[in-house]
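Okay, final_23.txt now, which holds compact mmCIF, C-alpha atoms and all ligand atoms:
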```
# COMPACT_ATOMS: atom_id res chain seq x y z
CA MET A 1 22.59 -4.53 -4.09
CA LYS A 2 20.73 -1.35 -3.28
CA TYR A 3 19.48 -1.08 0.33
CA ILE A 4 21.66 -4.06 1.28
CA ASP A 5 25.30 -3.27 0.48
CA GLU A 6 25.22 0.27 1.83
CA PHE A 7 23.89 -1.04 5.13
CA ARG A 8 26.63 -3.67 5.41
CA ASP A 9 29.62 -1.42 4.77
CA PRO A 10 32.44 -2.63 7.13
CA GLU A 11 34.12 0.78 7.22
CA LEU A 12 30.95 2.51 8.34
CA ALA A 13 30.42 -0.26 10.88
CA ARG A 14 33.89 0.37 12.31
CA GLN A 15 33.15 4.08 12.58
CA LEU A 16 29.86 3.46 14.37
CA LEU A 17 31.48 0.96 16.74
CA ALA A 18 34.31 3.39 17.49
CA ASP A 19 31.73 6.06 18.24
CA ILE A 20 29.81 3.71 20.55
CA ARG A 21 33.00 2.74 22.40
CA VAL A 22 34.00 6.36 22.93
CA ARG A 23 30.54 7.46 24.05
CA SER A 24 29.63 4.52 26.28
CA LYS A 25 30.88 5.13 29.80
CA ARG A 26 28.37 3.47 32.10
CA PRO A 27 26.84 -0.02 31.93
CA VAL A 28 23.52 -0.09 30.13
CA ARG A 29 21.18 -2.84 29.06
CA PHE A 30 19.07 -2.52 25.94
CA MET A 31 16.41 -4.90 24.71
CA GLU A 32 15.88 -5.74 21.09
CA PHE A 33 12.14 -6.33 21.09
CA CYS A 34 12.08 -8.16 17.78
CA GLY A 35 13.26 -11.70 17.14
CA GLY A 36 14.33 -10.61 13.67
CA HIS A 37 16.79 -8.23 15.33
CA THR A 38 18.03 -10.98 17.65
CA HIS A 39 18.94 -13.14 14.69
CA ALA A 40 20.50 -10.24 12.76
CA ILE A 41 22.58 -9.25 15.81
CA PHE A 42 23.90 -12.80 16.16
CA ARG A 43 24.35 -13.40 12.44
CA HIS A 44 26.56 -10.33 12.09
CA GLY A 45 28.43 -10.83 15.37
CA LEU A 46 27.32 -7.47 16.74
CA ARG A 47 27.10 -8.52 20.40
CA GLN A 48 30.77 -9.41 20.54
CA MET A 49 31.71 -6.14 18.89
CA LEU A 50 29.99 -3.88 21.38
CA PRO A 51 31.91 -2.62 24.41
CA PRO A 52 31.38 -4.47 27.73
CA THR A 53 29.31 -1.54 28.95
CA VAL A 54 26.56 -2.31 26.43
CA GLU A 55 24.46 -5.41 26.99
CA LEU A 56 21.71 -6.57 24.64
CA ARG A 57 18.79 -8.72 25.75
CA SER A 58 16.22 -10.41 23.55
CA GLY A 59 12.57 -9.52 24.04
CA PRO A 60 9.15 -11.01 23.33
CA GLY A 61 9.06 -10.06 19.64
CA CYS A 62 8.53 -13.53 18.23
CA PRO A 63 4.83 -14.17 17.56
CA VAL A 64 5.18 -17.94 17.56
CA CYS A 65 7.08 -17.89 20.86
CA VAL A 66 4.54 -15.71 22.69
CA THR A 67 1.52 -17.72 21.61
CA ALA A 68 0.07 -18.98 24.87
CA HIS A 69 -0.07 -22.65 25.61
CA ALA A 70 -3.87 -22.55 26.01
CA ASP A 71 -4.28 -20.92 22.58
CA LEU A 72 -2.04 -23.48 20.97
CA ASP A 73 -4.02 -26.27 22.60
CA ARG A 74 -7.22 -24.73 21.20
CA ALA A 75 -5.70 -24.66 17.72
CA VAL A 76 -4.73 -28.31 17.98
CA ALA A 77 -8.26 -29.20 19.14
CA LEU A 78 -9.75 -27.27 16.20
CA ALA A 79 -7.44 -29.07 13.78
CA MET A 80 -8.70 -32.42 15.08
CA LEU A 81 -12.35 -31.62 14.32
CA PRO A 82 -13.77 -33.66 11.42
CA GLY A 83 -14.09 -31.69 8.20
CA VAL A 84 -11.71 -28.92 9.29
CA ILE A 85 -8.65 -27.79 7.34
CA LEU A 86 -6.36 -25.79 9.62
CA VAL A 87 -4.07 -23.44 7.72
CA THR A 88 -1.13 -21.62 9.24
CA PHE A 89 2.49 -20.53 8.93
CA GLY A 90 5.16 -23.25 9.00
CA ASP A 91 6.78 -22.18 12.29
CA MET A 92 3.63 -23.03 14.23
CA LEU A 93 3.67 -26.71 13.41
CA LYS A 94 6.42 -27.90 15.73
CA VAL A 95 5.54 -25.84 18.81
CA PRO A 96 4.69 -28.33 21.56
CA GLY A 97 1.37 -27.82 23.31
CA SER A 98 0.01 -29.57 26.40
CA HIS A 99 -1.03 -32.63 24.44
CA GLY A 100 1.07 -32.39 21.32
CA SER A 101 1.78 -30.03 18.45
CA LEU A 102 -0.01 -29.30 15.20
CA GLN A 103 2.55 -31.61 13.63
CA THR A 104 1.54 -34.50 15.88
CA ALA A 105 -2.11 -33.65 15.16
CA ARG A 106 -1.32 -33.91 11.47
CA ALA A 107 0.38 -37.27 12.04
CA ALA A 108 -2.81 -38.36 13.83
CA GLY A 109 -4.91 -37.50 10.76
CA ALA A 110 -5.70 -33.79 11.09
CA ASP A 111 -5.59 -31.78 7.87
CA VAL A 112 -3.03 -29.08 8.72
CA ARG A 113 -1.58 -27.09 5.84
CA ILE A 114 1.19 -24.50 5.60
CA VAL A 115 0.78 -21.24 3.71
CA TYR A 116 2.91 -18.10 3.31
CA SER A 117 -0.01 -15.68 3.51
CA ALA A 118 -3.56 -15.71 4.82
CA LEU A 119 -4.72 -14.96 1.28
CA ASP A 120 -3.36 -18.38 0.25
CA ALA A 121 -6.07 -19.95 2.40
CA LEU A 122 -8.88 -18.52 0.26
CA PRO A 123 -8.38 -20.76 -2.80
CA ILE A 124 -8.40 -23.75 -0.44
CA ALA A 125 -11.77 -22.60 0.94
CA ARG A 126 -13.08 -21.95 -2.57
CA ASP A 127 -12.04 -25.39 -3.86
CA GLN A 128 -13.47 -27.32 -0.88
CA PRO A 129 -16.73 -25.61 0.03
CA GLU A 130 -17.92 -28.65 2.00
CA ARG A 131 -15.07 -28.21 4.50
CA ALA A 132 -14.28 -25.47 7.02
CA VAL A 133 -10.97 -23.71 6.42
CA ILE A 134 -9.60 -22.13 9.59
CA PHE A 135 -6.65 -19.78 9.32
CA LEU A 136 -4.60 -19.71 12.53
CA GLY A 137 -3.80 -16.00 12.75
CA VAL A 138 -0.55 -15.55 14.64
CA GLY A 139 1.49 -12.37 14.37
CA PHE A 140 1.91 -8.74 15.33
CA GLU A 141 0.80 -5.52 13.62
CA THR A 142 2.76 -6.53 10.53
CA THR A 143 0.68 -9.65 9.95
CA ALA A 144 -2.75 -8.63 11.20
CA PRO A 145 -3.54 -6.26 8.26
CA THR A 146 -2.96 -9.07 5.76
CA VAL A 147 -5.24 -11.39 7.73
CA ALA A 148 -7.84 -8.62 7.89
CA ALA A 149 -7.52 -8.28 4.10
CA SER A 150 -8.19 -12.01 3.75
CA VAL A 151 -11.44 -11.62 5.72
CA LEU A 152 -12.54 -8.71 3.51
CA GLU A 153 -11.65 -10.71 0.42
CA ALA A 154 -13.52 -13.79 1.71
CA GLU A 155 -16.56 -11.58 2.28
CA ALA A 156 -16.27 -10.13 -1.22
CA ARG A 157 -16.03 -13.62 -2.73
CA GLY A 158 -18.95 -14.90 -0.63
CA LEU A 159 -16.92 -17.65 1.03
CA GLY A 160 -19.01 -19.09 3.83
CA ASN A 161 -16.46 -21.68 4.96
CA TYR A 162 -13.49 -19.42 5.78
CA TYR A 163 -12.68 -18.67 9.43
CA VAL A 164 -9.89 -17.01 11.39
CA LEU A 165 -8.70 -17.98 14.86
CA SER A 166 -7.23 -14.62 15.79
CA LEU A 167 -4.24 -14.88 18.13
CA HIS A 168 -2.78 -11.59 16.88
CA LYS A 169 -0.97 -9.41 19.34
CA LEU A 170 -0.07 -5.76 19.72
CA THR A 171 3.49 -4.88 20.62
CA PRO A 172 3.33 -1.62 22.63
CA PRO A 173 1.17 -3.15 25.44
CA ALA A 174 3.63 -6.05 25.75
CA THR A 175 6.47 -3.57 26.09
CA ARG A 176 4.55 -1.82 28.85
CA ALA A 177 4.04 -5.21 30.50
CA ILE A 178 7.80 -5.78 30.57
CA LEU A 179 8.50 -2.35 32.02
CA ASP A 180 5.60 -1.88 34.44
CA PRO A 181 6.95 -1.99 38.00
CA HIS A 182 3.50 -2.84 39.38
CA PRO A 183 1.42 -4.42 36.64
CA PRO A 184 -2.31 -4.40 37.44
CA TYR A 185 -2.77 -7.93 36.16
CA SER A 186 -1.48 -11.38 36.93
CA PRO A 187 0.88 -13.11 36.97
CA PRO A 188 3.30 -10.43 38.21
CA ILE A 189 5.80 -9.74 35.52
CA GLY A 190 8.18 -7.19 34.15
CA GLY A 191 9.61 -4.54 36.41
CA ALA A 192 8.38 -6.46 39.46
CA GLY A 193 11.44 -8.70 39.48
CA GLY A 194 11.91 -8.30 35.75
CA VAL A 195 14.69 -6.90 33.67
CA ARG A 196 15.82 -3.27 34.00
CA LEU A 197 16.32 -1.51 30.70
CA ALA A 198 17.82 1.78 29.59
CA GLY A 199 16.48 1.51 26.07
CA ILE A 200 14.66 -0.55 23.50
CA ILE A 201 15.60 -1.26 19.91
CA GLY A 202 12.18 -0.78 18.35
CA PRO A 203 10.90 -3.37 15.87
CA GLY A 204 11.37 -2.03 12.35
CA HIS A 205 8.63 -3.91 10.52
CA VAL A 206 6.01 -3.41 13.21
CA THR A 207 6.85 0.29 13.46
CA THR A 208 6.51 0.66 9.70
CA VAL A 209 2.84 -0.12 10.31
CA ILE A 210 2.15 1.54 13.68
CA GLY A 211 4.53 4.52 13.28
CA SER A 212 7.35 5.73 15.51
CA GLN A 213 4.85 7.91 17.41
CA ALA A 214 3.46 4.72 18.92
CA TRP A 215 6.60 4.40 21.07
CA GLU A 216 6.48 7.87 22.61
CA PHE A 217 5.06 6.43 25.85
CA LEU A 218 8.46 4.82 26.52
CA PRO A 219 10.41 7.99 27.37
CA ARG A 220 7.31 9.76 28.66
CA ASP A 221 6.00 7.09 31.06
CA TYR A 222 9.08 4.98 31.81
CA GLY A 223 12.11 7.17 31.08
CA VAL A 224 13.23 4.50 28.60
CA SER A 225 14.70 5.42 25.21
CA CYS A 226 13.62 3.83 21.96
CA ALA A 227 15.54 3.65 18.69
CA VAL A 228 13.60 2.05 15.84
CA ALA A 229 15.93 -0.04 13.68
CA GLY A 230 15.99 -1.90 10.39
CA PHE A 231 17.54 -5.32 10.08
CA GLU A 232 20.93 -4.70 8.50
CA PRO A 233 24.05 -4.37 10.66
CA LEU A 234 24.40 -0.62 10.18
CA ASP A 235 20.73 -0.10 11.03
CA ILE A 236 21.20 -1.87 14.34
CA LEU A 237 24.52 -0.18 15.16
CA GLN A 238 22.99 3.19 14.38
CA ALA A 239 20.15 2.43 16.79
CA VAL A 240 22.58 1.27 19.50
CA ALA A 241 24.66 4.43 19.01
CA ALA A 242 21.52 6.54 19.46
CA LEU A 243 20.52 4.61 22.59
CA VAL A 244 24.01 4.98 24.07
CA GLU A 245 23.95 8.70 23.36
CA MET A 246 20.57 9.10 25.08
CA ALA A 247 21.69 6.98 28.05
CA GLU A 248 24.85 9.05 28.50
CA THR A 249 23.07 12.40 28.24
CA GLY A 250 20.12 11.26 30.36
CA ARG A 251 17.63 12.46 27.76
CA PRO A 252 15.40 9.54 26.75
CA ALA A 253 13.50 9.98 23.49
CA VAL A 254 12.27 8.12 20.42
CA VAL A 255 14.73 8.04 17.52
CA ASN A 256 13.83 6.71 14.10
CA ALA A 257 16.95 4.93 12.81
CA TYR A 258 14.92 3.27 10.03
CA SER A 259 13.66 6.32 8.20
CA ARG A 260 13.73 4.63 4.79
CA SER A 261 10.73 2.58 5.94
CA VAL A 262 9.21 4.10 9.09
CA ARG A 263 7.10 7.26 9.24
CA PRO A 264 5.97 8.89 12.49
CA GLU A 265 2.32 8.18 11.66
CA GLY A 266 2.92 4.66 10.29
CA ASN A 267 1.00 3.08 7.43
CA ARG A 268 -2.55 4.44 7.58
CA THR A 269 -3.84 2.09 4.90
CA ALA A 270 -2.66 -1.01 6.74
CA LEU A 271 -3.99 0.28 10.08
CA ASP A 272 -7.37 1.15 8.55
CA VAL A 273 -7.76 -2.35 7.13
CA MET A 274 -6.65 -3.92 10.41
CA TYR A 275 -9.08 -1.91 12.56
CA ARG A 276 -11.92 -2.29 10.09
CA VAL A 277 -11.90 -6.04 10.74
CA PHE A 278 -10.38 -6.36 14.22
CA GLU A 279 -10.92 -4.63 17.55
CA VAL A 280 -8.58 -4.50 20.52
CA SER A 281 -9.00 -7.16 23.20
CA GLU A 282 -7.12 -8.74 26.07
CA ALA A 283 -4.65 -11.43 25.05
CA GLU A 284 -2.61 -14.05 26.82
CA TRP A 285 1.12 -14.01 26.12
CA ARG A 286 3.48 -16.82 26.94
CA GLY A 287 5.77 -15.42 29.62
CA LEU A 288 3.70 -12.27 30.22
CA GLY A 289 0.30 -13.67 31.13
CA HIS A 290 -2.95 -11.85 30.36
CA VAL A 291 -2.09 -8.37 29.11
CA PRO A 292 -4.99 -5.91 28.70
CA ALA A 293 -5.60 -4.40 25.27
CA SER A 294 -2.77 -6.39 23.72
CA GLY A 295 -4.71 -8.61 21.31
CA LEU A 296 -7.03 -8.37 18.32
CA ARG A 297 -10.38 -10.11 17.93
CA LEU A 298 -12.80 -9.94 15.04
CA ARG A 299 -15.34 -7.12 15.24
CA PRO A 300 -19.00 -8.12 15.68
CA GLU A 301 -19.63 -7.21 12.00
CA TYR A 302 -17.22 -10.01 11.02
CA ALA A 303 -18.25 -12.49 13.73
CA ARG A 304 -19.27 -15.08 11.14
CA PHE A 305 -15.57 -15.45 10.24
CA ASP A 306 -14.54 -16.00 13.86
CA ALA A 307 -13.46 -19.61 14.45
CA ALA A 308 -13.59 -19.06 18.22
CA LEU A 309 -17.35 -18.36 17.95
CA ALA A 310 -18.14 -20.87 15.22
CA TYR A 311 -16.51 -23.86 16.93
CA SER A 312 -16.60 -24.74 20.59
CA VAL A 313 -13.80 -27.13 21.47
CA ASP A 314 -12.48 -28.58 24.70
CA PRO A 315 -8.71 -28.74 24.38
CA GLY A 316 -8.35 -30.42 27.77
CA PRO A 317 -6.26 -29.15 30.67
CA THR A 318 -3.51 -26.70 29.85
CA TYR A 319 -0.15 -27.38 31.38
CA LEU A 320 1.47 -24.07 32.07
CA LEU A 321 5.17 -23.42 32.13
CA PRO A 322 7.33 -23.74 34.06
CA ALA A 323 5.49 -26.14 36.37
CA PRO A 324 6.67 -29.73 35.89
CA VAL A 325 3.83 -31.77 34.47
CA PRO A 326 4.25 -35.54 34.78
CA GLY A 327 3.20 -37.26 31.63
CA ALA A 328 2.79 -34.06 29.63
CA SER A 329 4.66 -33.38 26.43
CA GLU A 330 5.83 -30.12 27.97
CA HIS A 331 9.15 -30.31 29.72
CA GLY A 332 8.97 -28.70 33.14
CA GLY A 333 12.38 -27.08 32.92
CA CYS A 334 11.68 -24.92 29.86
CA ARG A 335 12.36 -21.25 30.61
CA CYS A 336 10.79 -19.71 27.52
CA GLY A 337 8.71 -17.36 29.68
CA ASP A 338 11.84 -15.94 31.34
CA VAL A 339 13.63 -15.72 27.99
CA LEU A 340 10.70 -13.78 26.51
CA ARG A 341 10.70 -11.34 29.44
CA GLY A 342 14.43 -10.87 29.04
CA THR A 343 15.15 -11.95 32.61
CA VAL A 344 17.45 -14.78 31.50
CA GLU A 345 19.34 -15.69 28.36
CA PRO A 346 18.80 -19.06 26.66
CA PRO A 347 21.98 -20.75 27.95
CA ASN A 348 20.61 -20.18 31.47
CA CYS A 349 17.97 -22.78 30.64
CA PRO A 350 19.17 -26.17 31.89
CA LEU A 351 17.70 -27.85 28.81
CA PHE A 352 19.41 -25.59 26.27
CA ARG A 353 21.45 -27.64 23.80
CA ARG A 354 21.48 -30.66 26.12
CA VAL A 355 17.83 -31.65 25.75
CA CYS A 356 16.36 -28.87 23.62
CA THR A 357 17.69 -28.43 20.06
CA PRO A 358 16.11 -27.22 16.80
CA ALA A 359 15.70 -30.86 15.74
CA ARG A 360 13.99 -31.77 19.04
CA PRO A 361 12.64 -28.49 20.42
CA VAL A 362 11.14 -28.43 23.89
CA GLY A 363 9.81 -24.86 23.78
CA PRO A 364 8.72 -22.42 21.06
CA CYS A 365 11.80 -20.21 21.45
CA MET A 366 13.81 -23.05 19.93
CA VAL A 367 11.22 -23.78 17.22
CA SER A 368 10.67 -20.41 15.63
CA ALA A 369 12.98 -18.88 13.04
CA GLU A 370 12.75 -15.73 15.21
CA GLY A 371 13.18 -17.46 18.57
CA ALA A 372 15.98 -16.35 20.89
CA CYS A 373 16.94 -19.92 21.81
CA ALA A 374 17.24 -20.82 18.13
CA ALA A 375 19.50 -17.78 17.58
CA TRP A 376 21.74 -18.70 20.52
CA TYR A 377 21.88 -22.31 19.36
CA ARG A 378 22.85 -21.36 15.84
CA TYR A 379 25.23 -18.49 16.43
CA GLY A 380 25.79 -17.58 20.00
CA THR A 381 27.27 -20.20 22.23
CA THR A 382 30.86 -20.76 21.14
CA ASP A 383 32.41 -18.32 23.59
CA TRP A 384 29.87 -19.29 26.20
CA GLU A 385 30.86 -22.94 25.98
CA ARG A 386 34.56 -22.08 25.99
CA ASN A 387 33.93 -20.29 29.26
CA GLY A 388 32.26 -23.26 30.87
CA ASN A 389 28.61 -22.79 29.87
CA GLY A 390 27.75 -21.81 33.42
CA LEU A 391 25.38 -19.34 34.98
CA GLY A 392 26.84 -15.93 35.59
CA LYS A 393 29.17 -16.03 32.62
CA GLU A 394 27.11 -13.69 30.48
CA ARG A 395 29.12 -10.57 31.12
CA LYS A 396 32.37 -12.35 30.38
CA ARG A 397 31.01 -13.60 27.10
CA ILE A 398 29.43 -10.33 26.09
CA GLY A 399 32.55 -8.35 26.88
CA LYS A 400 34.92 -10.76 25.23
CA GLY A 401 34.80 -10.18 21.49
CA THR A 402 37.17 -7.89 19.67
CA GLU A 403 37.15 -6.60 16.15
CA ALA A 404 40.15 -8.84 15.41
CA ASP A 405 38.18 -11.88 16.68
CA TRP A 406 35.35 -10.83 14.52
CA GLU A 407 37.41 -10.54 11.35
CA ARG A 408 39.24 -13.77 12.14
CA ASN A 409 35.88 -15.52 12.48
CA GLY A 410 34.80 -14.15 9.13
CA CYS A 411 31.94 -11.99 10.34
CA LEU A 412 33.10 -8.83 8.62
CA THR A 413 34.10 -10.59 5.44
CA GLU A 414 30.75 -12.39 5.28
CA TRP A 415 28.94 -9.09 5.08
FE1 LIG B 1 12.56 -23.57 26.33
FE2 LIG B 1 14.42 -24.91 24.91
FE3 LIG B 1 14.66 -22.29 25.19
FE4 LIG B 1 15.04 -23.91 27.28
S1 LIG B 1 16.31 -23.82 25.44
S2 LIG B 1 13.88 -21.98 27.26
S3 LIG B 1 13.56 -25.54 26.86
S4 LIG B 1 13.01 -23.37 24.12
```
Spell out the structure here as structure tokens.
Amino acid sequence: MKYIDEFRDPELARQLLADIRVRSKRPVRFMEFCGGHTHAIFRHGLRQMLPPTVELRSGPGCPVCVTAHADLDRAVALAMLPGVILVTFGDMLKVPGSHGSLQTARAAGADVRIVYSALDALPIARDQPERAVIFLGVGFETTAPTVAASVLEAEARGLGNYYVLSLHKLTPPATRAILDPHPPYSPPIGGAGGVRLAGIIGPGHVTTVIGSQAWEFLPRDYGVSCAVAGFEPLDILQAVAALVEMAETGRPAVVNAYSRSVRPEGNRTALDVMYRVFEVSEAEWRGLGHVPASGLRLRPEYARFDAALAYSVDPGPTYLLPAPVPGASEHGGCRCGDVLRGTVEPPNCPLFRRVCTPARPVGPCMVSAEGACAAWYRYGTTDWERNGNGLGKERKRIGKGTEADWERNGCLTEW
């Protein structure tokens, strides 16, 4: 299949891996920002194939996972209002908030519906003009243009009962938040006790919209390399090879390893639509706190579509992680915030697999299809468990795999 088979060629993968092994001399840690990359890396067994000098950490690139507890509580409170239909993507339903999830709200009588696109909410608003249809807008720069398009379309159709609760987030400010040694906001995060990185695997879909130029602050301001990658195994290996090369030569830069989709300037049409409807605002991220200029709110011209302005709700007290909260649905031991900052890996969480599973998730990182905990649960813990599932075993696990293991386990043949 074009654009699939040629990016899953085992022979080319072997060549790239051999190149990485030869070039990589000193230990480096790279972060894959995007949850889609985390799952692709696990699915294709890439972590085990890399030399022990190369460590990969998951980042905050899962929109469901980084949705703040307080925002989720607000969405649940909105869903419980009489006459409201709350519309959102399926992953959001099971994420536990302080007082329950959207799924428990639905069980209690709220009208919560799943759609695949914001535009799917418009026929619902058209068919039930007596009810308010609120789209819960969660996502990065890839999703926000489509939600903006739904607002423009609702305006064109004269829909007076369509609203958006915008929880959209921008990825470059979150990356700064992870790397800033002295962030000017609270709580202290990132470089102040956070993870040290030599490079970042840039999110392919997001960068298709914002352009590879958007990452130039990484080498300029932080001395951190960036290689933008697609989601096939060769895309990711190519990005890792570029990051290793830059780490070894000490010349950080931005490399576009996804040139079939990403342009330096991005997608102007999508950006124009997004910024026509939204403006930049502060946003709260789970695990990162309040990050300036990292969110999108509706512009004053579109204020009548803003659910946050149209409906005032009291979601009750928010129980923040990781503080133990007696009687709350939140489990005090959840380490999603640390996982999203890349300071720990999911098996470091005491609840991982023992209490928290995809069937009974405790935190959003286990709920979302892009969550790091879900990826580790599904693909990543066999070696870990063989080694005792204890803290401090990461390096052993990461350095353990061989190409023979990989072929024996079917990873290459599954390609
Ligand atoms: Fe949270 Fe579950 Fe992940 Fe632990 S394993 S950090 S409880 S989502």
Task: Selection: 7 Å around segment 124-134 of chain A, only C-alpha atoms, excl. self and same-chain fewer than 6 positions, as a ChimeraX atom specification - done: /A:83-87,159,161-165,307
Contacts with ligand LIG 1 (chain B) at most 8 Å, all atoms listed in the file counted, listed as a compact mmCIF listing (two decimals) with C-alpha atoms, in the frame of the given file:
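File selection.txt, as written:
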```txt
# COMPACT_ATOMS: atom_id res chain seq x y z
CA HIS A 331 9.15 -30.31 29.72
CA GLY A 333 12.38 -27.08 32.92
CA CYS A 334 11.68 -24.92 29.86
CA ARG A 335 12.36 -21.25 30.61
CA CYS A 336 10.79 -19.71 27.52
CA GLY A 337 8.71 -17.36 29.68
CA ASP A 338 11.84 -15.94 31.34
CA VAL A 339 13.63 -15.72 27.99
CA PRO A 346 18.80 -19.06 26.66
CA PRO A 347 21.98 -20.75 27.95
CA ASN A 348 20.61 -20.18 31.47
CA CYS A 349 17.97 -22.78 30.64
CA PRO A 350 19.17 -26.17 31.89
CA LEU A 351 17.70 -27.85 28.81
CA PHE A 352 19.41 -25.59 26.27
CA ARG A 353 21.45 -27.64 23.80
CA VAL A 355 17.83 -31.65 25.75
CA CYS A 356 16.36 -28.87 23.62
CA THR A 357 17.69 -28.43 20.06
CA PRO A 361 12.64 -28.49 20.42
CA VAL A 362 11.14 -28.43 23.89
CA GLY A 363 9.81 -24.86 23.78
CA PRO A 364 8.72 -22.42 21.06
CA CYS A 365 11.80 -20.21 21.45
CA MET A 366 13.81 -23.05 19.93
CA VAL A 367 11.22 -23.78 17.22
CA ALA A 372 15.98 -16.35 20.89
CA CYS A 373 16.94 -19.92 21.81
CA ALA A 374 17.24 -20.82 18.13
```
Task: Shell of 10 Å around Phe231 of chain A, all atoms listed in the file, local chain residues under 4 positions omitted, as JSON, numbers by chain - done: {"A": [4, 7, 34, 36, 37, 38, 39, 40, 41, 203, 204, 205, 235, 236, 258]}
Open item on the list: Taking (29.0, 0.0, 9.1) in the coordinates of the supplied file, I want to know which residues reach to within 12 Å of it, counting only C-alpha atoms; could you give the answer as an MDAnalysis selection string?
Closed with: chainID A and resid 4:19 44 46 49 232:239 241 412 415
Task: Near-Thr269 of chain A list (12 Å; all atoms listed in the file; drop same-chain fewer than 4 positions) as a VMD selection string - done: chain A and resid 145 to 146 148 to 149 208 to 210 265 273 to 276
Only C-alpha atoms, please: the residues just picked out, written as a JSON list (two decimals), in the coordinates of the input.
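Ended up saving to selection00.json:
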```json
[["chain", "number", "residue", "atom", "x", "y", "z"],
["A", 145, "PRO", "CA", -3.54, -6.26, 8.26],
["A", 146, "THR", "CA", -2.96, -9.07, 5.76],
["A", 148, "ALA", "CA", -7.84, -8.62, 7.89],
["A", 149, "ALA", "CA", -7.52, -8.28, 4.10],
["A", 208, "THR", "CA", 6.51, 0.66, 9.70],
["A", 209, "VAL", "CA", 2.84, -0.12, 10.31],
["A", 210, "ILE", "CA", 2.15, 1.54, 13.68],
["A", 265, "GLU", "CA", 2.32, 8.18, 11.66],
["A", 273, "VAL", "CA", -7.76, -2.35, 7.13],
["A", 274, "MET", "CA", -6.65, -3.92, 10.41],
["A", 275, "TYR", "CA", -9.08, -1.91, 12.56],
["A", 276, "ARG", "CA", -11.92, -2.29, 10.09]]
```
Task: Nearby residues (all atoms listed in the file) at most 9 Å from Pro264 of chain A, same-chain spacing under 6 positions excluded, as a ChimeraX atom specification - done: /A:207-208,210-214,256
Open item on the list: Please report the interatomic distance between atom CA of Thr67 of chain A and atom CA of Val138 of chain A in Å with one decimal.
Closed with: 7.6 Å
Open item on the list: Could you check the closest approach to Val240 of chain A for each of A:Ala283, A:Ala310, A:Ile20, A:Ile178 and tell me which residue wins, using all atoms listed in the file?
Closed with: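 The answer is A:Ile20, which sits nearest to Val240 of chain A.
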Open item on the list: For Ala242 of chain A, find every residue with an atom within 10 Å (counting only C-alpha atoms), except residues of its own chain fewer than 3 positions away, and show them as a list in words.
Closed with: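 Surrounding residues, per the criterion: Ile20, Gly199, Ile201, Ser225, Cys226, Ala227, Val228, Ile236, Leu237, Gln238, Ala239, Glu245, Met246, Ala247, Glu248, Pro252, Ala253, Val254, Val255, Asn256 and Ala257 of chain A.
With distances taken over all atoms listed in the file, A:Gly97 is the one residue among A:Gly97, A:Gly223, A:Gly59, A:Pro52 lying closest to Asp71 of chain A.
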- [ ] Give the answer as one residue: which of A:Ala308, A:Leu271, A:Arg57, A:Gly289 has the shortest atom-to-atom distance to Ala75 of chain A, using all atoms listed in the file?
- [x]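 Answer, going by the shortest atom-to-atom distance: A:Ala308.
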TODO: Just give me the gap between atom CA of Phe278 of chain A and atom CA of Ala77 of chain A in Å, one decimal is fine.
DONE: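 Here the two named atoms are 23.5 Å from each other.
You will find atom CA of Gly137 of chain A at 19.4 Å from atom CA of Gly287 of chain A.
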Open item on the list: Let me make sure I understand: among A:Leu309, A:Ala174, A:Leu167, A:Ala303, which one has the smallest atom-to-atom distance to Gly61 of chain A if we use all atoms listed in the file?
Closed with: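 Smallest separation from Gly61 of chain A among the options: A:Ala174.
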Task: Residue list as number ranges by chain for point (-1.4, -31.3, 7.8), cut-off 12 Å, all atoms listed in the file - done: A: 76, 79-80, 84-90, 92-94, 101-115
